[in-house]
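Asks: Data file input.cif (mmCIF, C-alpha atoms) is appended below.
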```cif
data_final
loop_
_atom_site.label_atom_id
_atom_site.label_comp_id
_atom_site.auth_asym_id
_atom_site.auth_seq_id
_atom_site.Cartn_x
_atom_site.Cartn_y
_atom_site.Cartn_z
CA MET A 1 53.69 -47.33 -23.67
CA GLN A 2 54.07 -46.85 -19.93
CA THR A 3 51.94 -44.24 -18.16
CA LYS A 4 55.13 -42.55 -16.95
CA ASN A 5 56.21 -41.87 -20.54
CA ILE A 6 52.74 -40.86 -21.74
CA GLN A 7 52.36 -38.17 -19.08
CA TYR A 8 55.60 -36.51 -20.16
CA ILE A 9 54.61 -36.67 -23.83
CA PHE A 10 51.30 -34.96 -23.05
CA VAL A 11 52.86 -32.23 -20.92
CA ALA A 12 55.70 -31.70 -23.43
CA MET A 13 53.17 -31.17 -26.24
CA THR A 14 51.26 -28.72 -24.03
CA ILE A 15 54.40 -26.75 -23.21
CA LEU A 16 55.48 -26.66 -26.86
CA LEU A 17 52.09 -25.46 -28.13
CA TRP A 18 51.64 -22.80 -25.46
CA SER A 19 55.19 -21.46 -25.78
CA PHE A 20 54.50 -20.11 -29.27
CA VAL A 21 51.22 -18.35 -28.38
CA PRO A 22 52.68 -14.89 -27.56
CA THR A 23 54.79 -14.79 -30.72
CA VAL A 24 52.01 -15.94 -33.04
CA ALA A 25 49.54 -13.58 -31.36
CA LYS A 26 51.88 -10.62 -31.84
CA LEU A 27 52.29 -11.46 -35.53
CA VAL A 28 48.55 -11.59 -36.27
CA LEU A 29 47.94 -8.47 -34.17
CA ARG A 30 49.98 -6.41 -36.61
CA ASN A 31 46.97 -6.02 -38.92
CA LEU A 32 44.07 -7.18 -36.71
CA ASN A 33 42.78 -5.83 -33.41
CA ALA A 34 42.22 -7.93 -30.29
CA PHE A 35 38.49 -8.44 -30.92
CA GLN A 36 39.05 -9.55 -34.51
CA VAL A 37 41.75 -12.00 -33.42
CA LEU A 38 39.53 -13.43 -30.69
CA ASN A 39 36.65 -13.72 -33.15
CA PHE A 40 38.63 -16.06 -35.37
CA THR A 41 40.43 -17.93 -32.61
CA SER A 42 37.22 -18.64 -30.68
CA PHE A 43 35.60 -19.91 -33.89
CA PHE A 44 38.48 -22.33 -34.52
CA ALA A 45 38.48 -23.32 -30.84
CA VAL A 46 34.77 -24.19 -31.01
CA LEU A 47 35.43 -26.43 -34.03
CA SER A 48 38.40 -28.20 -32.42
CA LEU A 49 36.71 -28.64 -29.05
CA SER A 50 33.57 -29.98 -30.74
CA PHE A 51 35.67 -32.75 -32.28
CA ALA A 52 37.36 -33.32 -28.92
CA VAL A 53 33.99 -33.61 -27.16
CA LEU A 54 32.77 -36.11 -29.77
CA PHE A 55 36.02 -38.09 -29.64
CA GLN A 56 35.98 -38.18 -25.84
CA LYS A 57 32.27 -39.11 -25.90
CA LYS A 58 31.35 -36.16 -23.68
CA VAL A 59 28.22 -35.08 -25.60
CA LYS A 60 26.12 -36.74 -22.94
CA SER A 61 27.66 -34.41 -20.34
CA ILE A 62 26.29 -31.36 -22.17
CA LYS A 63 22.85 -32.93 -22.45
CA ASN A 64 22.81 -33.63 -18.72
CA TYR A 65 23.53 -30.03 -17.71
CA SER A 66 20.59 -28.07 -16.32
CA ARG A 67 19.68 -24.62 -17.66
CA LYS A 68 21.14 -23.05 -14.54
CA GLN A 69 24.44 -24.88 -15.08
CA ILE A 70 24.58 -23.81 -18.74
CA LEU A 71 23.89 -20.21 -17.74
CA THR A 72 26.64 -20.39 -15.13
CA MET A 73 29.10 -21.71 -17.73
CA ILE A 74 28.12 -18.93 -20.14
CA LEU A 75 28.80 -16.32 -17.45
CA ILE A 76 32.14 -17.96 -16.61
CA GLY A 77 32.95 -17.96 -20.34
CA VAL A 78 32.51 -14.18 -20.35
CA LEU A 79 35.43 -13.99 -17.92
CA SER A 80 37.55 -16.43 -19.87
CA PRO A 81 38.10 -16.82 -22.76
CA PHE A 82 36.35 -13.48 -23.64
CA ILE A 83 37.63 -10.80 -21.24
CA TYR A 84 40.86 -12.67 -20.51
CA TYR A 85 41.98 -12.91 -24.13
CA VAL A 86 40.88 -9.39 -25.04
CA LEU A 87 43.08 -8.07 -22.22
CA LEU A 88 45.94 -10.44 -23.05
CA PHE A 89 45.94 -9.61 -26.77
CA GLU A 90 45.73 -5.90 -25.98
CA SER A 91 48.71 -6.24 -23.63
CA PHE A 92 50.70 -7.91 -26.42
CA GLU A 93 49.90 -4.93 -28.64
CA ARG A 94 50.67 -2.21 -26.09
CA ALA A 95 53.77 -3.60 -24.32
CA PRO A 96 56.79 -5.79 -25.10
CA VAL A 97 55.46 -9.32 -25.61
CA ALA A 98 58.03 -10.85 -23.26
CA ASP A 99 57.04 -8.56 -20.39
CA ALA A 100 53.31 -9.04 -21.01
CA GLN A 101 53.72 -12.82 -21.06
CA ILE A 102 55.73 -12.77 -17.83
CA LEU A 103 53.16 -10.59 -16.04
CA ASN A 104 50.37 -12.82 -17.33
CA TYR A 105 51.95 -15.75 -15.50
CA MET A 106 51.03 -14.11 -12.23
CA TRP A 107 47.61 -15.78 -12.55
CA PRO A 108 48.41 -18.57 -10.02
CA ILE A 109 49.00 -15.80 -7.47
CA PHE A 110 45.50 -14.50 -8.04
CA VAL A 111 44.17 -18.06 -7.78
CA VAL A 112 45.42 -18.12 -4.19
CA ILE A 113 44.00 -14.66 -3.47
CA PHE A 114 40.54 -15.39 -4.91
CA ALA A 115 40.48 -18.86 -3.35
CA THR A 116 40.90 -17.21 0.04
CA PHE A 117 37.63 -15.30 -0.40
CA ILE A 118 35.58 -17.62 -2.64
CA LEU A 119 36.68 -21.09 -1.52
CA ARG A 120 37.43 -20.01 2.06
CA GLN A 121 40.98 -21.36 1.91
CA LYS A 122 43.36 -20.16 4.61
CA LEU A 123 46.01 -17.60 3.74
CA SER A 124 49.09 -18.73 5.67
CA ILE A 125 52.26 -16.74 6.29
CA VAL A 126 54.11 -18.88 3.74
CA LYS A 127 51.46 -18.25 1.09
CA LEU A 128 51.54 -14.53 1.83
CA THR A 129 55.32 -14.59 1.49
CA GLY A 130 54.98 -16.27 -1.92
CA ILE A 131 52.45 -13.64 -3.03
CA ILE A 132 54.71 -10.77 -1.95
CA LEU A 133 57.71 -12.38 -3.69
CA SER A 134 55.78 -12.77 -6.94
CA PHE A 135 54.48 -9.20 -6.86
CA PHE A 136 58.04 -8.01 -6.26
CA GLY A 137 59.06 -10.00 -9.34
CA ALA A 138 56.35 -8.27 -11.37
CA PHE A 139 57.57 -4.92 -10.06
CA ILE A 140 61.07 -5.71 -11.32
CA VAL A 141 59.70 -6.68 -14.75
CA VAL A 142 57.92 -3.34 -15.06
CA ILE A 143 60.72 -1.03 -13.86
CA LYS A 144 63.64 -3.21 -15.03
CA GLY A 145 65.35 -2.61 -11.68
CA GLN A 146 65.40 1.18 -12.10
CA PHE A 147 62.59 3.72 -12.10
CA SER A 148 64.46 5.71 -14.73
CA ILE A 149 64.15 2.83 -17.21
CA PHE A 150 60.36 2.53 -16.85
CA ASN A 151 58.66 3.43 -20.13
CA PRO A 152 55.21 4.99 -19.47
CA GLU A 153 54.28 4.16 -23.06
CA TYR A 154 53.93 0.53 -21.99
CA GLY A 155 52.00 1.31 -18.79
CA ILE A 156 48.55 0.44 -20.18
CA GLY A 157 49.92 -2.79 -21.63
CA TYR A 158 51.41 -3.80 -18.28
CA ILE A 159 48.13 -3.04 -16.50
CA MET A 160 46.18 -5.08 -19.05
CA ALA A 161 48.56 -8.04 -18.63
CA ILE A 162 48.09 -7.97 -14.85
CA LEU A 163 44.31 -7.58 -15.22
CA ALA A 164 44.33 -10.58 -17.58
CA ALA A 165 46.15 -12.57 -14.89
CA MET A 166 43.53 -11.48 -12.34
CA ILE A 167 40.69 -12.54 -14.62
CA TYR A 168 42.26 -15.92 -15.29
CA GLY A 169 42.88 -16.44 -11.59
CA LEU A 170 39.19 -15.75 -10.89
CA PHE A 171 38.18 -18.02 -13.77
CA SER A 172 40.33 -20.84 -12.36
CA VAL A 173 38.80 -20.52 -8.88
CA LEU A 174 35.27 -20.52 -10.31
CA GLY A 175 36.23 -23.57 -12.37
CA LYS A 176 37.21 -25.25 -9.09
CA LYS A 177 34.00 -24.19 -7.36
CA TYR A 178 31.79 -25.29 -10.26
CA ASP A 179 33.57 -28.53 -11.09
CA TYR A 180 32.06 -29.25 -14.50
CA GLU A 181 33.38 -31.87 -16.91
CA ARG A 182 36.43 -30.27 -18.53
CA PHE A 183 35.95 -30.83 -22.25
CA SER A 184 32.25 -30.04 -22.45
CA SER A 185 32.53 -26.97 -20.21
CA MET A 186 35.44 -25.57 -22.26
CA LEU A 187 33.30 -25.95 -25.36
CA VAL A 188 30.47 -23.97 -23.73
CA TYR A 189 32.94 -21.30 -22.60
CA TYR A 190 34.22 -20.84 -26.15
CA ILE A 191 30.75 -20.89 -27.71
CA SER A 192 29.65 -18.07 -25.40
CA THR A 193 32.87 -16.19 -26.20
CA PHE A 194 32.40 -16.60 -29.95
CA VAL A 195 28.83 -15.28 -29.81
CA LEU A 196 29.79 -12.34 -27.61
CA VAL A 197 32.89 -11.33 -29.56
CA THR A 198 30.99 -11.61 -32.87
CA LEU A 199 28.42 -9.14 -31.53
CA THR A 200 31.22 -6.90 -30.27
CA VAL A 201 33.01 -6.86 -33.64
CA SER A 202 29.75 -6.13 -35.50
CA LEU A 203 28.96 -3.18 -33.20
CA PHE A 204 32.36 -1.64 -32.44
CA SER A 205 34.78 -2.93 -35.08
CA ASN A 206 34.54 -4.55 -38.49
CA PHE A 207 34.89 -8.00 -39.98
CA VAL A 208 38.02 -8.56 -42.04
CA ILE A 209 39.38 -11.20 -44.36
CA PRO A 210 42.84 -12.17 -43.07
CA SER A 211 45.70 -13.17 -45.33
CA PHE A 212 46.68 -16.80 -45.68
CA TRP A 213 49.50 -16.51 -43.12
CA GLU A 214 47.30 -14.59 -40.69
CA LEU A 215 44.60 -17.24 -41.06
CA LEU A 216 47.19 -19.92 -40.38
CA GLY A 217 48.28 -18.09 -37.23
CA LEU A 218 44.68 -17.63 -36.09
CA PHE A 219 44.02 -21.33 -36.62
CA TYR A 220 47.10 -22.15 -34.56
CA LEU A 221 45.94 -19.94 -31.68
CA GLY A 222 42.34 -21.12 -31.62
CA GLY A 223 42.28 -24.51 -33.28
CA ILE A 224 45.49 -25.92 -31.83
CA ALA A 225 47.10 -24.07 -28.89
CA ASN A 226 43.93 -22.99 -27.09
CA SER A 227 41.96 -26.16 -27.71
CA ILE A 228 44.18 -29.15 -28.49
CA GLY A 229 46.71 -27.70 -26.05
CA TRP A 230 44.09 -27.91 -23.32
CA VAL A 231 43.25 -31.48 -24.35
CA PHE A 232 46.91 -32.46 -23.90
CA TRP A 233 47.01 -30.64 -20.55
CA PHE A 234 43.89 -32.38 -19.23
CA LYS A 235 45.31 -35.71 -20.37
CA ALA A 236 48.63 -34.99 -18.63
CA LEU A 237 46.78 -34.28 -15.38
CA GLN A 238 44.62 -37.36 -15.85
CA VAL A 239 47.41 -39.91 -16.34
CA GLY A 240 50.32 -38.19 -14.58
CA ASP A 241 51.36 -36.85 -11.23
CA ILE A 242 49.59 -33.50 -10.78
CA ALA A 243 52.43 -31.97 -8.75
CA LYS A 244 55.07 -32.82 -11.37
CA MET A 245 52.87 -31.72 -14.28
CA SER A 246 52.05 -28.41 -12.57
CA ASN A 247 55.72 -27.71 -11.92
CA LEU A 248 56.73 -28.52 -15.50
CA ILE A 249 54.10 -26.19 -16.99
CA TYR A 250 56.05 -23.22 -15.59
CA LEU A 251 58.58 -23.88 -18.32
CA VAL A 252 56.12 -22.16 -20.70
CA PRO A 253 56.94 -18.53 -19.84
CA PHE A 254 60.67 -19.29 -20.04
CA LEU A 255 60.50 -21.17 -23.35
CA SER A 256 58.11 -18.60 -24.85
CA LEU A 257 60.95 -16.06 -24.61
CA ILE A 258 62.94 -18.01 -27.24
CA PRO A 259 60.61 -17.39 -30.25
CA VAL A 260 60.02 -13.84 -28.98
CA GLN A 261 63.77 -13.25 -29.15
CA PHE A 262 64.48 -14.92 -32.50
CA ILE A 263 61.23 -14.43 -34.44
CA LEU A 264 60.05 -11.05 -33.17
CA ASN A 265 63.62 -9.81 -32.58
CA GLU A 266 62.53 -8.46 -29.20
CA ASN A 267 65.39 -7.91 -26.81
CA ILE A 268 64.93 -9.94 -23.61
CA GLN A 269 66.41 -8.06 -20.66
CA ILE A 270 68.11 -9.78 -17.74
CA MET A 271 65.87 -7.98 -15.25
CA SER A 272 62.77 -9.40 -16.98
CA ILE A 273 64.13 -12.93 -16.56
CA LEU A 274 64.99 -12.19 -12.93
CA GLY A 275 61.44 -10.92 -12.36
CA LEU A 276 60.03 -14.07 -13.95
CA LEU A 277 62.18 -16.24 -11.68
CA LEU A 278 60.84 -14.42 -8.62
CA ILE A 279 57.24 -14.77 -9.84
CA VAL A 280 57.59 -18.50 -10.45
CA THR A 281 59.45 -19.00 -7.15
CA GLY A 282 56.61 -17.30 -5.29
CA ILE A 283 54.11 -19.53 -7.06
CA LEU A 284 56.03 -22.72 -6.29
CA ILE A 285 56.32 -21.75 -2.61
CA GLN A 286 52.54 -21.61 -2.42
CA PHE A 287 52.16 -24.81 -4.40
CA LYS A 288 54.43 -26.73 -2.03
CA THR A 289 52.48 -25.37 0.92
CA HIS A 290 49.19 -26.43 -0.67
CA ARG A 291 50.50 -29.97 -1.20
CA LYS A 292 51.42 -30.27 2.47
#
```
What does this structure look like when you write it as structure tokens?
Replies:
Amino acid sequence: MQTKNIQYIFVAMTILLWSFVPTVAKLVLRNLNAFQVLNFTSFFAVLSLSFAVLFQKKVKSIKNYSRKQILTMILIGVLSPFIYYVLLFESFERAPVADAQILNYMWPIFVVIFATFILRQKLSIVKLTGIILSFFGAFIVVIKGQFSIFNPEYGIGYIMAILAAMIYGLFSVLGKKYDYERFSSMLVYYISTFVLVTLTVSLFSNFVIPSFWELLGLFYLGGIANSIGWVFWFKALQVGDIAKMSNLIYLVPFLSLIPVQFILNENIQIMSILGLLLIVTGILIQFKTHRK
């Protein structure tokens, strides 16, 4: 099969897997809290990524890391997956899933912001325009075009979704600064998350036995979408054109609205879609500038 076809297969599988994450997460969060969900999903992610590391023959990479590098990866893993997914799952619980997912896709904006300070990248007028446009899009998502429509009940959920985007933006920049091998470093990130969230559940929550369907959803989130999904994404970047792959991945927040609408029966408002369009437009403006 030609490389051109393979790259689109990989990115299509990534988009498909990630598009169902908000809906599945919302379903399992009906009876489990964010820490309990992350406890199971990180466990399944560790199992899946362990197989991926063995299959990709990346075990040697882990052995070659110094103690300082392992410690750095553990600290990065505290940011994401741990803090990132706790905030994201909480936002799904406390706000409409569609809005939380849209606000979460502001993370590329925060990549640019953090890269300015951490990687010393220049913040041009065009990039600043893209940032302002995306933040305006987020503002529209929250107020739905009118202050009178804003529901303060969802305020905490909106804040958590934006904080999750900030955390993931910082995580992405640190991943760029500390350019570790992708598969092995993701495994270390999830191992540190699993250990930390297990301690958190034992101290501040309780361990539960999920139902069969909940367990299936948890396995999908951790063992498939958040592990195999990343494998497909790394493969798409490896064999395909990075610019094209990065543009196509922004189909995820749009396609994720479909199962939210038909499975969760959550009404998707026109202003939310408009806000998402502005956010993605702002991101793409910056991306084009970066390419030049």
Asks: Report as JSON, numbers by chain the full result of the PyMOL selection byres ((chain A and resi 226) around 9) when it is applied to this structure.
Replies: {"A": [17, 18, 21, 41, 42, 45, 220, 221, 222, 223, 224, 225, 227, 228, 229, 230, 231]}
Asks: Would you work out the distance separating atom CA of Ser272 of chain A from atom CA of Ile140 of chain A, expressed in Å to one decimal?
Replies: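 Here the two named atoms are 7.0 Å from each other.
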Asks: Can you work out which one of A:Met186, A:Leu170, A:Ala236, A:Leu123 has the shortest atom-to-atom distance to Ser61 of chain A, counting all atoms listed in the file?
Replies: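 Among the listed residues, the smallest separation from Ser61 of chain A belongs to A:Met186.
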Asks: State, in Å with one decimal place, the distance from atom CA of Gly169 of chain A to atom CA of Phe43 of chain A.
Replies: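 Separation between atom CA of Gly169 of chain A and atom CA of Phe43 of chain A: 23.7 Å.
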Asks: Restricting the calculation to all atoms listed in the file, which member of A:Ile15, A:Val126, A:Met271, A:Ile263 is positioned closest to Gln286 of chain A?
Replies: A:Val126
Asks: Just the number, please: distance in Å from atom CA of Val173 of chain A to atom CA of Thr23 of chain A, one decimal.
Replies: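 One can read the atom CA of Val173 of chain A to atom CA of Thr23 of chain A distance as 27.7 Å.
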Asks: Identify which of the residues A:Ala100, A:Leu54, A:Leu257, A:Ile118 lies closest to Ile159 of chain A, counting all atoms listed in the file when measuring atom-to-atom distances.
Replies: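 Nearest to Ile159 of chain A: A:Ala100.
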Asks: Which is closest to Gln269 of chain A among A:Leu255, A:Leu47, A:Val142, A:Val112, if we use all atoms listed in the file?
Replies: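 Of all the options, A:Val142 lies closest to Gln269 of chain A.
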Asks: Within 9 Å of Leu103 of chain A, counting all atoms listed in the file, which residues show up once you throw out same-chain ones fewer than 6 positions away? Write them as a CSV table (one decimal) with C-alpha atoms, in the frame of the given file, please.
Replies:
```
chain,number,residue,atom,x,y,z
A,137,GLY,CA,59.1,-10.0,-9.3
A,138,ALA,CA,56.4,-8.3,-11.4
A,141,VAL,CA,59.7,-6.7,-14.8
A,142,VAL,CA,57.9,-3.3,-15.1
A,158,TYR,CA,51.4,-3.8,-18.3
A,161,ALA,CA,48.6,-8.0,-18.6
A,162,ILE,CA,48.1,-8.0,-14.8
A,164,ALA,CA,44.3,-10.6,-17.6
A,165,ALA,CA,46.2,-12.6,-14.9
A,276,LEU,CA,60.0,-14.1,-14.0
A,279,ILE,CA,57.2,-14.8,-9.8
```
Asks: Using the chain letters and numbers from the file, give me the residues hit by the PyMOL selection byres ((chain A and resi 98) around 7), as a list in words.
Replies: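 Selected by the PyMOL selection byres ((chain A and resi 98) around 7) in this file: Pro96, Val97, Asp99, Ala100, Gln101, Ile102, Leu257, Val260 and Ile268 of chain A.
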